[in-house]
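Novice: Data file target-v1.txt (compact mmCIF, C-alpha atoms) is appended below.
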```txt
# COMPACT_ATOMS: atom_id res chain seq x y z
CA MET A 14 -4.45 -4.58 0.21
CA LYS A 15 -5.07 -8.07 1.52
CA GLU A 16 -8.60 -9.38 1.65
CA GLU A 17 -8.66 -9.73 5.45
CA GLU A 18 -7.42 -6.19 6.01
CA ARG A 19 -10.19 -4.94 3.77
CA TRP A 20 -12.78 -6.96 5.67
CA ILE A 21 -11.59 -5.48 8.97
CA ARG A 22 -11.75 -2.00 7.51
CA TYR A 23 -15.24 -2.63 6.14
CA LEU A 24 -16.48 -3.78 9.54
CA LYS A 25 -14.83 -0.83 11.26
CA GLU A 26 -16.48 1.57 8.82
CA GLY A 27 -19.83 -0.24 8.72
CA LYS A 28 -19.62 -1.12 5.02
CA ASN A 29 -20.92 -4.37 3.50
CA GLU A 30 -21.14 -5.85 6.99
CA GLU A 31 -23.45 -8.70 6.09
CA PHE A 32 -21.28 -9.85 3.19
CA VAL A 33 -18.10 -9.70 5.26
CA LEU A 34 -19.63 -11.55 8.21
CA LYS A 35 -20.86 -14.26 5.87
CA GLN A 36 -17.39 -14.79 4.39
CA ILE A 37 -15.76 -14.87 7.84
CA TYR A 38 -18.47 -17.24 9.04
CA ILE A 39 -18.00 -19.72 6.19
CA SER A 40 -14.21 -19.72 6.55
CA ASN A 41 -14.12 -20.21 10.31
CA TRP A 42 -17.10 -22.33 11.36
CA GLN A 43 -15.43 -25.72 10.82
CA PRO A 44 -12.27 -25.04 12.91
CA ILE A 45 -14.38 -23.71 15.81
CA LEU A 46 -16.79 -26.64 15.54
CA SER A 47 -13.85 -29.07 15.69
CA LEU A 48 -12.40 -27.24 18.69
CA VAL A 49 -15.65 -27.43 20.68
CA LEU A 50 -16.28 -31.08 19.76
CA LYS A 51 -12.71 -31.93 20.76
CA LEU A 52 -13.27 -30.32 24.14
CA GLY A 53 -16.39 -32.35 24.82
CA GLY A 54 -19.10 -29.96 23.58
CA ASP A 55 -21.77 -30.57 20.96
CA GLN A 56 -22.79 -28.84 17.74
CA GLU A 57 -25.32 -26.58 19.48
CA LEU A 58 -22.73 -25.38 21.99
CA ALA A 59 -20.25 -24.86 19.14
CA LYS A 60 -22.77 -22.64 17.35
CA ASP A 61 -23.39 -20.67 20.52
CA ILE A 62 -19.68 -20.23 21.20
CA PHE A 63 -18.98 -19.29 17.58
CA HIS A 64 -21.71 -16.66 17.51
CA ASP A 65 -20.51 -15.11 20.77
CA THR A 66 -16.97 -15.23 19.36
CA LEU A 67 -18.04 -13.32 16.26
CA ILE A 68 -19.92 -10.75 18.32
CA ILE A 69 -16.84 -10.13 20.50
CA PHE A 70 -14.65 -9.94 17.38
CA TYR A 71 -17.07 -7.44 15.80
CA GLU A 72 -17.18 -5.28 18.93
CA ASN A 73 -13.40 -5.39 19.33
CA ILE A 74 -13.01 -4.05 15.81
CA LYS A 75 -15.55 -1.32 16.49
CA ASN A 76 -13.84 -0.40 19.77
CA ASP A 77 -10.27 -0.50 18.40
CA LYS A 78 -9.39 -3.52 20.52
CA PHE A 79 -8.65 -5.84 17.62
CA ASN A 80 -5.08 -7.06 17.41
CA HIS A 81 -4.18 -6.24 13.81
CA ALA A 82 -1.15 -8.52 13.88
CA SER A 83 -3.41 -11.57 14.04
CA LYS A 84 -5.09 -13.39 11.20
CA ILE A 85 -8.85 -13.38 11.61
CA GLY A 86 -8.97 -17.18 11.93
CA THR A 87 -6.30 -17.27 14.66
CA TYR A 88 -7.98 -14.44 16.52
CA LEU A 89 -11.40 -16.08 16.42
CA TYR A 90 -9.89 -19.39 17.52
CA GLY A 91 -8.29 -17.60 20.48
CA ILE A 92 -11.58 -16.02 21.57
CA ALA A 93 -13.50 -19.27 21.11
CA LYS A 94 -10.96 -21.14 23.21
CA LEU A 95 -11.31 -18.66 26.06
CA LEU A 96 -15.10 -18.84 25.84
CA VAL A 97 -15.04 -22.64 25.98
CA TYR A 98 -12.74 -22.42 28.98
CA LYS A 99 -15.18 -20.05 30.66
CA ARG A 100 -18.03 -22.48 29.95
CA ILE A 101 -15.99 -25.37 31.38
CA ARG A 102 -15.67 -23.45 34.61
CA GLU A 103 -19.37 -22.62 34.66
CA ASP A 104 -20.77 -25.87 33.31
CA LYS A 105 -19.69 -29.20 34.72
CA LYS A 106 -20.86 -31.03 31.59
CA LEU A 107 -17.62 -30.05 29.94
CA SER A 108 -15.36 -30.79 32.86
CA LEU A 109 -14.40 -34.20 31.46
CA VAL A 110 -11.86 -32.57 29.28
CA LYS A 111 -8.73 -31.29 30.85
CA LYS A 112 -7.09 -29.25 28.22
CA SER A 113 -4.22 -26.86 28.50
CA PHE A 114 -5.06 -23.28 27.66
CA SER A 115 -1.56 -22.02 28.16
CA ASP A 116 -1.05 -20.99 24.54
CA GLU A 117 -1.99 -17.36 24.86
CA GLN A 118 -3.73 -15.54 22.10
CA LYS A 119 -3.69 -11.80 22.16
CA VAL A 120 -7.43 -11.47 22.33
CA TYR A 121 -9.63 -9.18 24.34
CA ILE A 122 -12.77 -10.34 26.08
CA ASP A 123 -14.79 -8.14 28.37
CA ASP A 124 -15.37 -10.10 31.59
CA ASP A 125 -18.94 -8.86 31.70
CA PHE A 126 -19.79 -9.85 28.14
CA TRP A 127 -23.27 -11.32 27.79
CA VAL A 128 -26.03 -11.50 25.21
CA ALA A 129 -29.65 -11.36 26.28
CA THR A 130 -31.50 -14.67 26.03
CA SER A 131 -35.03 -14.66 24.66
CA GLN A 132 -36.36 -14.48 28.23
CA GLN A 133 -34.09 -11.56 29.08
CA GLN A 134 -35.14 -9.80 25.91
CA GLU A 135 -38.62 -9.23 27.37
CA MET A 136 -37.28 -6.47 29.59
CA LEU A 137 -35.53 -4.83 26.62
CA LYS A 138 -38.59 -5.13 24.43
CA GLU A 139 -40.72 -3.41 27.03
CA ALA A 140 -38.56 -0.30 26.88
CA LEU A 141 -37.57 -0.35 23.21
CA SER A 142 -40.96 -1.23 21.72
CA SER A 143 -42.27 2.27 22.41
CA LEU A 144 -39.47 3.83 20.37
CA GLN A 145 -39.97 4.56 16.69
CA ASP A 146 -38.03 2.28 14.37
CA GLY A 147 -35.91 5.24 13.26
CA CYS A 148 -34.95 5.96 16.87
CA ILE A 149 -33.76 2.41 17.54
CA LYS A 150 -31.75 2.49 14.31
CA VAL A 151 -30.05 5.80 15.10
CA LEU A 152 -29.18 4.71 18.64
CA THR A 153 -27.91 1.31 17.47
CA TYR A 154 -25.81 2.89 14.72
CA PHE A 155 -24.29 5.26 17.25
CA TYR A 156 -23.84 3.18 20.41
CA TYR A 157 -23.37 -0.30 18.97
CA GLN A 158 -22.06 0.05 15.43
CA LYS A 159 -20.04 3.14 16.41
CA LEU A 160 -20.86 4.95 13.18
CA SER A 161 -20.09 8.64 12.81
CA MET A 162 -22.87 11.21 12.64
CA LYS A 163 -21.95 11.72 9.00
CA GLN A 164 -22.49 8.03 8.23
CA ILE A 165 -25.72 7.97 10.24
CA ALA A 166 -27.00 11.02 8.36
CA ARG A 167 -26.24 9.28 5.07
CA LEU A 168 -27.81 5.96 6.07
CA MET A 169 -30.93 7.56 7.48
CA ASN A 170 -31.26 10.06 4.63
CA PHE A 171 -30.97 13.03 6.98
CA LYS A 172 -30.06 16.38 5.54
CA ASN A 173 -26.82 16.67 7.50
CA GLU A 174 -24.86 15.58 10.58
CA GLN A 175 -26.59 18.10 12.82
CA VAL A 176 -29.97 16.52 12.08
CA ALA A 177 -28.51 13.11 13.01
CA LYS A 178 -27.05 14.55 16.22
CA ASN A 179 -30.38 16.11 17.22
CA LYS A 180 -32.26 12.93 16.45
CA LYS A 181 -29.85 10.87 18.54
CA SER A 182 -30.22 13.19 21.56
CA LYS A 183 -33.99 13.23 21.23
CA CYS A 184 -34.17 9.43 21.01
CA LEU A 185 -31.81 8.91 23.93
CA ASN A 186 -33.88 11.28 26.09
CA TYR A 187 -37.01 9.42 25.10
CA LEU A 188 -35.48 6.08 26.04
CA LYS A 189 -34.24 7.45 29.40
CA LYS A 190 -37.72 8.74 30.12
CA LYS A 191 -39.19 5.38 29.18
CA TRP A 192 -36.91 3.49 31.57
CA LYS A 193 -37.81 5.89 34.38
CA GLU A 194 -41.51 5.45 33.69
CA LEU A 195 -41.17 1.68 33.67
CA SER A 196 -39.33 1.66 36.98
CA VAL A 197 -41.97 3.87 38.61
CA ARG A 198 -44.77 1.67 37.23
CA LYS A 199 -43.09 -1.47 38.55
CA GLN A 200 -42.64 0.02 42.00
CA LYS A 201 -46.42 0.58 42.33
CA MET B 22 -22.26 9.55 41.42
CA THR B 23 -20.65 6.62 39.63
CA VAL B 24 -22.81 4.15 37.79
CA ASP B 25 -22.50 0.47 38.67
CA ARG B 26 -22.40 -1.31 35.31
CA ARG B 27 -22.76 -4.75 36.85
CA LYS B 28 -25.94 -3.63 38.61
CA ILE B 29 -27.31 -2.41 35.29
CA ASP B 30 -26.52 -5.75 33.67
CA ALA B 31 -28.09 -7.60 36.58
CA PHE B 32 -31.23 -5.46 36.21
CA LEU B 33 -31.45 -6.14 32.48
CA LYS B 34 -30.91 -9.86 33.07
CA GLY B 35 -33.78 -9.84 35.58
CA GLU B 36 -31.43 -10.92 38.38
CA LEU B 37 -32.21 -8.10 40.80
CA LYS B 38 -34.81 -9.16 43.35
CA GLY B 39 -36.58 -7.79 46.42
CA GLU B 40 -34.95 -4.88 48.24
CA GLU B 41 -32.13 -4.62 45.73
CA LEU B 42 -34.56 -4.25 42.83
CA ILE B 43 -36.65 -1.64 44.65
CA ARG B 44 -33.52 0.36 45.50
CA PHE B 45 -32.38 0.23 41.87
CA GLN B 46 -35.78 1.36 40.59
CA GLU B 47 -35.88 4.24 43.08
CA GLN B 48 -32.43 5.37 41.98
CA LEU B 49 -33.41 5.07 38.35
CA ALA B 50 -36.43 7.32 38.80
CA SER B 51 -34.30 10.14 40.17
CA ASN B 52 -30.84 9.59 38.70
CA ASP B 53 -30.39 10.84 35.16
CA GLU B 54 -26.91 9.43 34.83
CA LEU B 55 -28.13 5.96 35.71
CA ALA B 56 -31.02 6.26 33.24
CA GLU B 57 -28.55 7.22 30.51
CA ALA B 58 -26.21 4.32 31.29
CA LEU B 59 -29.15 1.91 31.34
CA SER B 60 -30.36 3.26 27.99
CA GLU B 61 -26.92 2.77 26.43
CA ALA B 62 -26.62 -0.72 27.91
CA SER B 63 -30.04 -1.66 26.58
CA ILE B 64 -29.12 -0.43 23.09
CA ILE B 65 -25.88 -2.43 23.19
CA GLN B 66 -27.86 -5.53 24.14
CA HIS B 67 -30.29 -4.79 21.33
CA GLY B 68 -27.34 -4.52 18.91
CA ARG B 69 -25.93 -7.84 20.11
CA VAL B 70 -29.27 -9.59 19.80
CA GLU B 71 -29.72 -8.21 16.27
CA LEU B 72 -26.23 -9.37 15.31
CA LYS B 73 -26.85 -12.79 16.84
CA ASN B 74 -30.07 -13.10 14.81
CA LYS B 75 -28.10 -12.22 11.68
CA LEU B 76 -25.54 -14.91 12.51
CA ASP B 77 -28.32 -17.43 13.15
CA SER B 78 -29.68 -16.78 9.68
CA ILE B 79 -26.18 -17.12 8.12
CA HIS B 80 -25.83 -20.44 9.97
CA LYS B 81 -29.20 -21.63 8.69
CA ASP B 82 -28.25 -20.79 5.08
CA TYR B 83 -24.91 -22.50 5.54
CA GLU B 84 -26.49 -25.68 6.90
CA GLN B 85 -29.13 -25.70 4.15
CA ASN B 86 -26.53 -25.38 1.41
CA LYS B 87 -24.48 -28.11 3.02
CA GLY B 88 -27.58 -30.31 3.26
CA SER B 89 -28.54 -29.87 -0.38
CA LYS B 90 -24.96 -30.55 -1.48
CA ARG B 91 -25.01 -33.77 0.54
CA LEU B 92 -28.25 -34.86 -1.15
CA ASP B 93 -26.85 -34.22 -4.62
CA GLN B 94 -23.73 -36.15 -3.86
CA LYS B 95 -25.75 -39.31 -3.22
CA TRP B 96 -26.32 -39.49 -6.97
CA TYR B 97 -22.73 -38.94 -7.83
CA LEU B 98 -20.95 -41.29 -5.52
CA VAL B 99 -18.44 -42.52 -7.99
CA ALA B 100 -15.03 -42.48 -6.48
CA ALA B 101 -13.20 -41.07 -9.46
CA VAL B 102 -15.66 -38.23 -9.87
CA LEU B 103 -15.42 -37.49 -6.19
CA ILE B 104 -11.67 -37.27 -6.36
CA VAL B 105 -11.93 -34.83 -9.23
CA LEU B 106 -14.54 -32.82 -7.37
CA ILE B 107 -12.48 -32.72 -4.21
CA THR B 108 -9.41 -31.70 -6.15
CA ILE B 109 -11.33 -28.95 -7.86
CA TYR B 110 -12.81 -27.88 -4.54
CA LEU B 111 -9.39 -27.67 -2.96
CA LEU B 112 -7.77 -25.88 -5.84
CA VAL B 113 -10.52 -23.45 -6.68
CA PRO B 114 -11.34 -20.87 -4.04
CA LYS B 115 -14.94 -19.95 -3.21
CA LYS B 116 -17.06 -18.56 -5.99
CA TYR B 117 -19.06 -15.44 -5.31
CA SER B 118 -21.86 -14.09 -7.43
CA ASN B 119 -21.19 -10.92 -9.40
CA ASP B 120 -23.63 -9.05 -7.17
CA GLU B 121 -21.70 -10.16 -4.09
CA LEU B 122 -18.41 -9.17 -5.68
CA TYR B 123 -19.73 -5.74 -6.56
CA THR B 124 -21.10 -5.24 -3.04
CA ALA B 125 -17.83 -6.33 -1.48
CA TYR B 126 -15.58 -4.14 -3.59
CA PHE B 127 -17.68 -1.04 -4.19
CA GLU B 128 -17.30 1.96 -1.97
CA ILE B 129 -18.12 5.52 -2.83
CA ALA B 130 -15.05 7.59 -3.69
CA GLN B 131 -14.38 10.45 -1.31
CA PRO B 132 -13.09 13.80 -2.57
CA ALA B 133 -9.61 14.71 -1.40
CA SER B 134 -10.65 18.20 -0.28
CA ILE B 135 -13.33 19.00 2.25
CA TYR B 136 -15.86 21.50 0.97
CA ARG B 137 -17.62 23.90 3.29
CA GLY B 138 -20.68 26.05 2.74
CA ASP B 139 -18.62 29.20 3.33
CA ASP B 140 -16.13 28.42 0.56
CA LYS B 141 -15.91 30.84 -2.30
CA GLN B 142 -18.97 29.74 -4.21
CA THR B 143 -18.33 28.31 -7.62
CA LYS B 144 -20.50 25.94 -9.58
CA SER B 145 -17.96 23.24 -8.92
CA SER B 146 -17.75 23.81 -5.15
CA ASP B 147 -21.57 23.93 -4.96
CA LEU B 148 -21.74 20.57 -6.63
CA MET B 149 -19.01 19.07 -4.47
CA LEU B 150 -20.77 20.33 -1.37
CA LEU B 151 -23.87 18.46 -2.47
CA PHE B 152 -21.82 15.33 -3.02
CA GLN B 153 -20.24 15.63 0.40
CA LYS B 154 -23.66 15.96 2.02
CA GLY B 155 -24.75 12.80 0.26
CA ASP B 156 -27.35 14.72 -1.73
CA TYR B 157 -26.68 12.66 -4.85
CA GLU B 158 -30.03 13.23 -6.58
CA GLN B 159 -29.62 16.99 -6.28
CA TYR B 160 -26.06 16.77 -7.67
CA ILE B 161 -27.34 14.93 -10.74
CA LEU B 162 -30.19 17.39 -11.14
CA GLU B 163 -28.02 20.46 -10.80
CA TYR B 164 -25.32 19.03 -13.03
CA GLU B 165 -27.89 18.50 -15.74
CA GLN B 166 -29.52 21.89 -15.21
CA LEU B 167 -26.27 23.82 -15.15
CA ARG B 168 -25.06 22.03 -18.24
CA ILE B 169 -21.59 23.17 -17.37
CA LYS B 170 -19.84 23.84 -20.62
CA GLU B 171 -16.36 23.49 -19.28
CA GLN B 172 -16.98 20.20 -17.55
CA THR B 173 -14.03 19.18 -15.53
CA GLU B 174 -13.12 15.58 -15.15
CA LYS B 175 -13.68 15.79 -11.43
CA GLU B 176 -17.32 16.84 -11.75
CA LEU B 177 -17.90 14.14 -14.31
CA PHE B 178 -16.28 11.51 -12.12
CA TYR B 179 -18.39 12.46 -9.10
CA LEU B 180 -21.47 12.53 -11.32
CA ALA B 181 -20.79 8.85 -11.98
CA GLN B 182 -20.35 8.29 -8.24
CA CYS B 183 -23.73 9.92 -7.65
CA HIS B 184 -25.40 7.54 -10.11
CA LEU B 185 -23.84 4.62 -8.25
CA ALA B 186 -24.65 5.94 -4.78
CA LEU B 187 -28.39 6.38 -5.37
CA ASP B 188 -30.76 4.10 -3.45
CA SER B 189 -31.58 2.60 -6.84
CA PRO B 190 -28.26 2.99 -8.63
CA ASN B 191 -28.31 3.92 -12.30
CA PHE B 192 -25.55 1.71 -13.70
CA GLU B 193 -26.26 2.57 -17.34
CA SER B 194 -25.75 6.29 -16.78
CA ALA B 195 -22.75 5.66 -14.56
CA ILE B 196 -20.96 3.67 -17.24
CA ILE B 197 -21.60 6.33 -19.91
CA VAL B 198 -20.12 9.00 -17.64
CA LEU B 199 -17.19 6.80 -16.58
CA ASN B 200 -16.35 6.13 -20.21
CA GLN B 201 -16.21 9.89 -20.77
CA VAL B 202 -13.88 10.20 -17.77
CA ILE B 203 -11.58 7.50 -19.17
CA GLN B 204 -11.56 9.05 -22.65
CA SER B 205 -10.54 12.40 -21.25
CA GLU B 206 -7.20 10.74 -20.28
CA GLY B 207 -6.79 12.94 -17.19
CA SER B 208 -6.00 12.30 -13.55
CA TYR B 209 -9.32 10.54 -12.88
CA LYS B 210 -8.73 7.97 -15.60
CA VAL B 211 -7.47 5.25 -13.24
CA GLN B 212 -10.43 5.68 -10.91
CA GLY B 213 -12.66 5.59 -13.96
CA LEU B 214 -11.12 2.29 -14.98
CA TRP B 215 -11.68 0.78 -11.54
CA TYR B 216 -15.28 1.89 -11.20
CA SER B 217 -16.22 0.99 -14.76
CA GLY B 218 -14.67 -2.46 -14.18
CA LEU B 219 -16.83 -2.83 -11.10
CA VAL B 220 -19.98 -1.70 -12.89
CA TYR B 221 -19.31 -4.24 -15.65
CA VAL B 222 -19.00 -6.92 -12.95
CA LYS B 223 -22.38 -5.86 -11.60
CA GLN B 224 -23.84 -5.95 -15.12
CA ASN B 225 -22.42 -9.45 -15.68
CA LYS B 226 -20.26 -8.17 -18.55
CA LYS B 227 -17.31 -10.28 -17.59
CA GLN B 228 -15.02 -9.66 -20.57
CA LYS B 229 -15.43 -5.90 -20.42
CA ALA B 230 -14.83 -5.99 -16.67
CA VAL B 231 -11.64 -8.01 -17.04
CA ASP B 232 -10.40 -5.71 -19.85
CA ARG B 233 -10.90 -2.62 -17.72
CA LEU B 234 -9.26 -4.15 -14.66
CA ARG B 235 -6.25 -5.36 -16.69
CA GLN B 236 -5.90 -1.89 -18.18
CA LEU B 237 -5.92 -0.49 -14.65
CA ILE B 238 -3.24 -2.91 -13.44
CA ASN B 239 -1.06 -1.92 -16.41
CA VAL B 240 -1.21 1.81 -15.84
CA SER B 241 -1.38 2.32 -12.10
CA ASP B 242 -0.99 0.94 -8.59
CA TYR B 243 -4.40 2.29 -7.63
CA LYS B 244 -6.59 -0.65 -6.47
CA LYS B 245 -4.08 -3.00 -8.09
CA GLU B 246 -4.49 -5.76 -5.48
CA GLU B 247 -8.26 -5.54 -5.58
CA ALA B 248 -8.27 -5.59 -9.39
CA ARG B 249 -6.12 -8.73 -9.39
CA GLU B 250 -8.42 -10.40 -6.86
CA LEU B 251 -11.48 -9.49 -8.89
CA ILE B 252 -10.01 -10.85 -12.12
CA GLN B 253 -9.17 -14.06 -10.28
CA GLN B 254 -12.70 -14.33 -8.89
CA LEU B 255 -14.19 -13.70 -12.34
CA SER B 256 -12.02 -16.32 -13.98
CA TRP B 257 -13.58 -19.03 -11.77
CA GLU B 258 -16.89 -18.83 -13.57
```
Here is a file; write its structure as structure tokens.

Specialist:
Amino acid sequence: MKEEERWIRYLKEGKNEEFVLKQIYISNWQPILSLVLKLGGDQELAKDIFHDTLIIFYENIKNDKFNHASKIGTYLYGIAKLLVYKRIREDKKLSLVKKSFSDEQKVYIDDDFWVATSQQQEMLKEALSSLQDGCIKVLTYFYYQKLSMKQIARLMNFKNEQVAKNKKSKCLNYLKKKWKELSVRKQK
Amino acid sequence: MTVDRRKIDAFLKGELKGEELIRFQEQLASNDELAEALSEASIIQHGRVELKNKLDSIHKDYEQNKGSKRLDQKWYLVAAVLIVLITIYLLVPKKYSNDELYTAYFEIAQPASIYRGDDKQTKSSDLMLLFQKGDYEQYILEYEQLRIKEQTEKELFYLAQCHLALDSPNFESAIIVLNQVIQSEGSYKVQGLWYSGLVYVKQNKKQKAVDRLRQLINVSDYKKEEARELIQQLSWE
């Protein structure tokens, strides 16, 4: 099996994620940096675009939206290009460059994709800080990393899948309650 | 009632103001579906932020390594040496540590059959049930206690897997058991070769690792590609 296929499988199954991300990062940072610089951006913007690109790539794998016919590098380049294009529309600083984006990459980007800035994280922290660490982990494993109950049980050292399932429901209910409380408190 | 995802995002971003915010908060207090969607959205944002932090730290490491390399090069700015270095850099792929190689290639073997609690209870199925539940310590304990006289290769092989799957893996014990599996010359031999090769990588016993992986390539297609890659990576030391 080719190395890239294994990396995709590892990410899909939640194995060795940090190692795989590091390898993909090292291999693809320079091409994305060159792309952003060529289009009039700077190193900081390139980093931002690259990190969003990797997050979208990661989520597409988790949600079965990754195009397996593509090489990882080509796929990332395609996402990054679309993200730069989006920024050009939003941010006039990059409008100097008129670049054709007609070469279509078969990539998927959710139109509503966003990542909370440090300011926006305050709202999240308010709700999540009251949850036990274990609760946040279980919910993140389930809703973000898309791990199975069996994997969650193993990672969290639970006796079996049923324990993981119960914990997830309990934590979700707690978080729902917390959001409701916060909204009532803010209305007063 | 359908949930407006954009409204949820706007709320989390702090973009809802005045009347709109009050209406959203009122709905949230009484609408369970909305509370659930908001909870999921907040967890997804949390996941993204965590991942972004991870990527930031990878970037920092990358820049630091690049920086230190640049500093070293100041002392070695002789053109000829540089050419040699660049050639070597281009020809030789990236070098990973043995720990990184082990982490990248190791994954716990999964039994072909699924064991259920209501299966006809045998010592073997009891043990395999424990393995399937991820109760590796108990497997090791019960294996030792039972001292099964007619040890099958399968139980031995999964005993080695248990040693490797522990939070603090016991590589020494795993290799002893894997060697027994290989010596028994049965159907688990090839898996034994692969895993013992990997353990030797982890233990920095390069020659033994290469020997095992070559043996594997010669006798089977199982993990053949991976074994070749590993040998290649090890030969760059």

Novice: From the options A:His81, A:Lys99, A:Lys150, A:Lys159, which residue's atoms come nearest to A:Ile21, counting all atoms listed in the file?

Specialist: A:His81

Novice: Counting all atoms listed in the file, what are the residues of chain A within 7 Å of chain B, and for each of them which pair of atoms is the nearest and at what distance in Å, to one decimal? Sort the table by chain and rising number, as a Markdown table.

Specialist:
```
| residue | atom | partner | partner_atom | distance |
| --- | --- | --- | --- | --- |
| A:Met14 | CA | B:Glu246 | CA | 5.8 |
| A:Asn29 | CA | B:Ala125 | CA | 6.2 |
| A:Phe32 | CA | B:Ala125 | CA | 6.8 |
| A:Lys35 | CA | B:Ile79 | CA | 6.4 |
| A:His64 | CA | B:Lys73 | CA | 6.5 |
| A:Ile68 | CA | B:Arg69 | CA | 6.9 |
| A:Val128 | CA | B:Arg69 | CA | 6.3 |
| A:Ala129 | CA | B:Gln66 | CA | 6.5 |
| A:Gln133 | CA | B:Lys34 | CA | 5.4 |
| A:Met136 | CA | B:Leu33 | CA | 6.5 |
| A:Leu137 | CA | B:Ser63 | CA | 6.3 |
| A:Leu152 | CA | B:Ile64 | CA | 6.8 |
| A:Thr153 | CA | B:Ile64 | CA | 6.0 |
| A:Tyr156 | CA | B:Ile65 | CA | 6.6 |
| A:Tyr157 | CA | B:Ile65 | CA | 5.4 |
| A:Arg167 | CA | B:Gly155 | CA | 6.1 |
| A:Asn173 | CA | B:Lys154 | CA | 6.4 |
| A:Leu188 | CA | B:Ser60 | CA | 6.2 |
| A:Lys189 | CA | B:Ala56 | CA | 5.2 |
| A:Trp192 | CA | B:Ala56 | CA | 6.7 |
| A:Lys193 | CA | B:Ala50 | CA | 4.8 |
| A:Ser196 | CA | B:Gln46 | CA | 5.1 |
| A:Val197 | CA | B:Ala50 | CA | 6.5 |
| A:Gln200 | CA | B:Ile43 | CA | 6.8 |
```

Novice: Which value, in Å to one decimal, gives the distance between atom CA of B:Tyr216 and atom CA of B:Leu151?

Specialist: 20.6 Å

Novice: Expressed in Å to a single decimal, how great is the separation between atom CA of B:Ile161 and atom CA of B:Gln236?

Specialist: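 One can read the atom CA of B:Ile161 to atom CA of B:Gln236 distance as 28.2 Å.
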
Novice: Closest to A:Gly147 among A:Gln164, A:Ser47, A:Lys180, A:Trp127, using all atoms listed in the file?

Specialist: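 Closest residue, counting all atoms listed in the file: A:Lys180.
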
Novice: Show me, as a list in words, the residues that have an atom within 12 Å of A:Asn76 when counting all atoms listed in the file, minus same-chain residues fewer than 5 positions from it.

Specialist: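 Using all atoms listed in the file, the neighbours found are Leu24, Lys25, Glu26, Ile69, Phe70, Tyr71, Tyr121, Ile122, Asp123, Tyr156, Tyr157, Gln158, Lys159 and Leu160 of chain A.
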
Novice: Emit the selected residues as a compact mmCIF listing (two decimals), in the coordinates of the input, including C-alpha atoms.

Specialist:
```txt
# COMPACT_ATOMS: atom_id res chain seq x y z
CA LEU A 24 -16.48 -3.78 9.54
CA LYS A 25 -14.83 -0.83 11.26
CA GLU A 26 -16.48 1.57 8.82
CA ILE A 69 -16.84 -10.13 20.50
CA PHE A 70 -14.65 -9.94 17.38
CA TYR A 71 -17.07 -7.44 15.80
CA TYR A 121 -9.63 -9.18 24.34
CA ILE A 122 -12.77 -10.34 26.08
CA ASP A 123 -14.79 -8.14 28.37
CA TYR A 156 -23.84 3.18 20.41
CA TYR A 157 -23.37 -0.30 18.97
CA GLN A 158 -22.06 0.05 15.43
CA LYS A 159 -20.04 3.14 16.41
CA LEU A 160 -20.86 4.95 13.18
```

Novice: Atom CA of B:Leu187 to atom CA of A:Glu30: how many Å, to one decimal?

Specialist: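 For atom CA of B:Leu187 relative to atom CA of A:Glu30, the distance reads 18.8 Å.
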